[in-house]
Amino acid sequence: MKRYLSLIALSLCLFTLLGGVASFADAYTSYTYSIAGVPVDSPDAYTPDREVKWEAMGLPENLVNPSDIVVDENENVYIVDNGKNCIYMLDKYYKYVTHFGNEFINDQGVPDSLSAPSGMYVTDDFIYVADTENSRIVLFSRTPEGDVMFPFHSVIQEPSSEVMESDAIYKPVALAVDDVGNLYVVSSTTYMGVIVLNKEGEFQSFLGAQKVSVDAADILWQSFMTAEQRAQSQSYVPTEYNNITIDDEGFVYVTSSSIEESAQQAAIEGKSSDYSPVKKLNSSGDDVMVRGGFFGPGGEVNVIWSSKSSSDIIGASKIIDVALGDEGTWSIIDEKRSKVYTYDSYGRLLHIFGDKGEMLGNLKMAEGLVYQGSKLLILDKTELSITVYERTEYGDILIDALHNDNERNYDKAVEDWEKILQRNGNFDAAYVGIGKSLYRSGKWQESMEYFKSAYDTTNYSNAFKEYRKEVAQKVILLIPVVAILVVLGLSWLFKWAAKVNKAGILKQGKRKMHEEVLYAFHLFGHPFDGFWDLKHEKRGSVRGATFWVILAVISFTYQAVGQAYLFNPTGATSSIFVQAVSILMPVFLWVTANWCLTTLMDGEGSFKDIYTAVGYSLAPLPFFVIPSVICTHFFSLNEAGVVSLLVTIGWAWVALLVVCGMMVTHGYSLLKNVITSLMTIVGMAFIMFIGLLFTGLLQKIVGFVSSIITELSYRM
């Protein structure tokens, strides 16, 4: 019986342990994002260690409304309690040491206290507290005096300046201090950016005002407003920041949660600084943050905008705090989702973890985060607690890799990146790290493969240029030979076309296919004479025009599937059917709309004439599109403008030929032709609208007939 009872007890212990492990593992899933915006699972870089509440801290009483958390150079922890009007100091083990701010004697010798403090900053000499409701910043000395651990030192009152609005309300909620004592203050009601004060508290400037996001409806509405109404309108007022910190180099990190959500998400997807919820500002107020990842830093990428489920979180992230970690890493926290997003100095996403819930590691309402050495502390405003997250082995290897990269210990960095890839094959920064090491070793082709795996086109381009230089040195004699052959081939083609066209001037009767096709070469340089002969002398035909339309379709199909990696990193392709529709649909719409309009406006061209002229007008496209695709295999990103220029010239030439063709075909003056062309574009849009309307109606009719047939089949 004792053996059975012992076995049962042991089984219960194991069950409890395994249950605890399972619960711990299910607290949240760490992940990153692929280039397609799809979440990809990742090993945990941080795991929850403990949740520390006021009893475990040894506080005299519970917290009321914690608003900020700070760690000093000795890893002591400070909690700003907005409800208790004081600052609690804990040691590195989260044990209560003292509190201050609720009672002190100010510089006037009068008893004073903080009022709803929101944020603080710790330097070697002082603790700066944003005394929000008193509209000031209070300094406490870090030099112990008697029984007072942090005696009052001074007050920095509300700054005054001519550039500040007369009716502005100063409500400091967060601040940071640089090495020379300059203060960077975030005021909850100041829309002109971060307020910069010198160490005496004198106003210096505003830093990094947010760009305004304006809705099109607001712009229209403002056009009907008077000057006074526009002055009172808040539609064009920049959004304010909500938190701030500063790094060792003096760069200021700021966050904002009041940006219009669709504009914020567009900034993340487009890697734009405008409307980004987190920025890195230099001393001039310019955002110098590197956004080198697939998406710009700013929180969740794959968001939903509507849902029937009440448990789903809707909309963009609400970023409320930023913290600086080791080796240039930094993290932001999303209040909506209670998730932490960590990036490196290049703005590449390293990992995401956290979630809302009841389990250890989950949060109810995140209010702030801060690094404590290798640990990460998150302040929970609802639970009135601190959750401590320990860095895992995977996280340690990641930091070691970044450290070796920063210190240029590239061989060691490669070893670390390879260890990471063994644990996380989806980690793009590891591929980039190995690729950079191979690049520095002169192994251009091998490094290109690693950069390609991480979709890092910038570094791939740099390696490609070196590889191209290496190959060019081997085939230096072949390059001019190929160039001469290409020039001679084109020269022969144009001379042959000129000879055929010259012979066709006096030719009577039916022309051969190659004569009709080569007539396009005459149109290239002589559009007015060419289109006149095309219509009146029958130098071309419908089949000749169709040939050039088909060749244009083939050219763009080749462009869709034949571009090099740098110009199509995702490997996107398109079928010949899609390309045919993209060419034939505009041609059909233009010909139809132009024929309908010119019939009513004394146009001399028939439907056939218009189609023939448009078809021959497409002839320049293959001579620019195909070479542009070939160039992508030899050009780097720095030369991408040449590729775009070739295609642009091709389309510009086509547009010029179409305008000339319509003018000659219909016998219009220049002004009448321009007006007719613009009306043709409107007509194309109208035909598309009618087509969509008819398609929708046809679908409803088919659905109605189908439902009747289904009903009859059931009744029979």
# chains A, B, ... in the order shown; residues from 1 in each chain; ligands from 1

call {"tool": "select_by_dssp", "arguments": {"residues": "segment 267-493 of chain A", "states": "alpha helix (DSSP H)", "output": "JSON, numbers by chain"}}
result
{"A": [267, 268, 269, 270, 393, 394, 395, 396, 397, 398, 399, 400, 401, 402, 403, 404, 405, 406, 410, 411, 412, 413, 414, 415, 416, 417, 418, 419, 420, 421, 422, 423, 428, 429, 430, 431, 432, 433, 434, 435, 436, 437, 438, 439, 440, 444, 445, 446, 447, 448, 449, 450, 451, 452, 453, 457, 458, 459, 460, 461, 462, 463, 464, 465, 466, 467, 468, 469, 470, 471, 472, 473, 474, 478, 479, 480, 481, 482, 483, 484, 485, 486, 487, 488, 489, 490, 491, 492, 493]}

call {"tool": "residues_around", "arguments": {"residues": "Phe531 of chain A", "least_positions_apart": "6", "cutoff": "9 Å", "atoms": "only C-alpha atoms", "output": "list in words"}}
result
Leu523, Ala613, Cys660, Gly661, Met662, Val664 and Thr665 of chain A

call {"tool": "closest_residue", "arguments": {"among": "A:Val290, A:Ile701, A:Val370, A:Leu350", "to": "Gly395 of chain A", "atoms": "only C-alpha atoms"}}
result
A:Leu350

call {"tool": "closest_residue", "arguments": {"among": "A:Tyr565, A:Phe295, A:Tyr31, A:Tyr94", "to": "Ser273 of chain A", "atoms": "only C-alpha atoms"}}
result
A:Phe295
